[in-house]
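Encoded as structure tokens, the structure appears first; notes follow it.
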Amino acid sequence: MSSNPYDPRNPGAPPEPVDDLMIPDDDDEAGADRDRVQSSVREMASRIPESLSSIGRDISRTIERALSAKDDYVVAVKVSHEAQDSLEQLVQAGVFRSRADAAAFLIDEGIKAQHELFDRVRQKLSEIERLRAELRGMISKEEPRG
């Protein structure tokens with residue numbers, strides 16, 4: 001009788017690790033299956049670095065295109081030490097050419113993520129401008145004509 005780690009009749013025994021991919025050593029047909037599985041796993045594992053590198057290049061190209069497609073404005077911004085370190089990590093990883101490029105990308109992404117806030121701000125600014133125009137109109141009507 002083989003032991004079962006999930007057998008409630010044997011509560012004192014520590015559970016043995018169960019691996020559904022384990023193939024018994026005593027079966028020749030199973031040995032061929034094991035060889036095929038090992039070969040497939042090795043093949044997939046060998047492709048991982050190439051795939052990761054390709055993904056990184058694609059991300060870098062996409063970011064570069066996005067940054068080069070828009071107008072550049074220079075804005076001086078104070079950032080925390082942690083933010084400076086994060087920007088530098090992006091540069092060191094080769095994702096961006098400079099901290100300024102990294103900061104510009106993150107600012108744009110932050111604005112996109114907060115689009116509802118900026119929609120409300122635009123609405124309020126429009127309302128403020130309408131009220132200013134109304135006040136200017138009231139003042140120009142009340143000015144004495146000379």
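Residue numbering restarts at 1 for every chain of the structure tokens, chains are lettered A, B, ... in their displayed order, and ligands are numbered from 1 as they appear.
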
Any chance you could tabulate, as a tab-separated table, the residues of range 73-128 of chain A at most 12 Å from range 47-67 of chain A with each one's nearest atom pair and distance in Å to one decimal, using only C-alpha atoms, in chain and rising number order?
```
residue	atom	partner	partner_atom	distance
A:Tyr73	CA	A:Leu67	CA	11.6
A:Leu90	CA	A:Ser60	CA	10.6
A:Val91	CA	A:Ser60	CA	11.0
A:Ala93	CA	A:Gly56	CA	9.6
A:Gly94	CA	A:Ser60	CA	7.8
A:Val95	CA	A:Ser60	CA	5.4
A:Phe96	CA	A:Ser60	CA	7.2
A:Arg97	CA	A:Glu64	CA	8.9
A:Ser98	CA	A:Glu64	CA	11.3
A:Ala100	CA	A:Leu67	CA	10.8
A:Asp101	CA	A:Leu67	CA	7.4
A:Ala102	CA	A:Ile63	CA	9.4
A:Ala103	CA	A:Leu67	CA	11.0
A:Ala104	CA	A:Leu67	CA	8.1
A:Phe105	CA	A:Leu67	CA	7.2
A:Leu106	CA	A:Ile63	CA	10.8
A:Ile107	CA	A:Leu67	CA	11.7
A:Asp108	CA	A:Leu67	CA	9.8
A:Glu109	CA	A:Ile63	CA	11.3
```
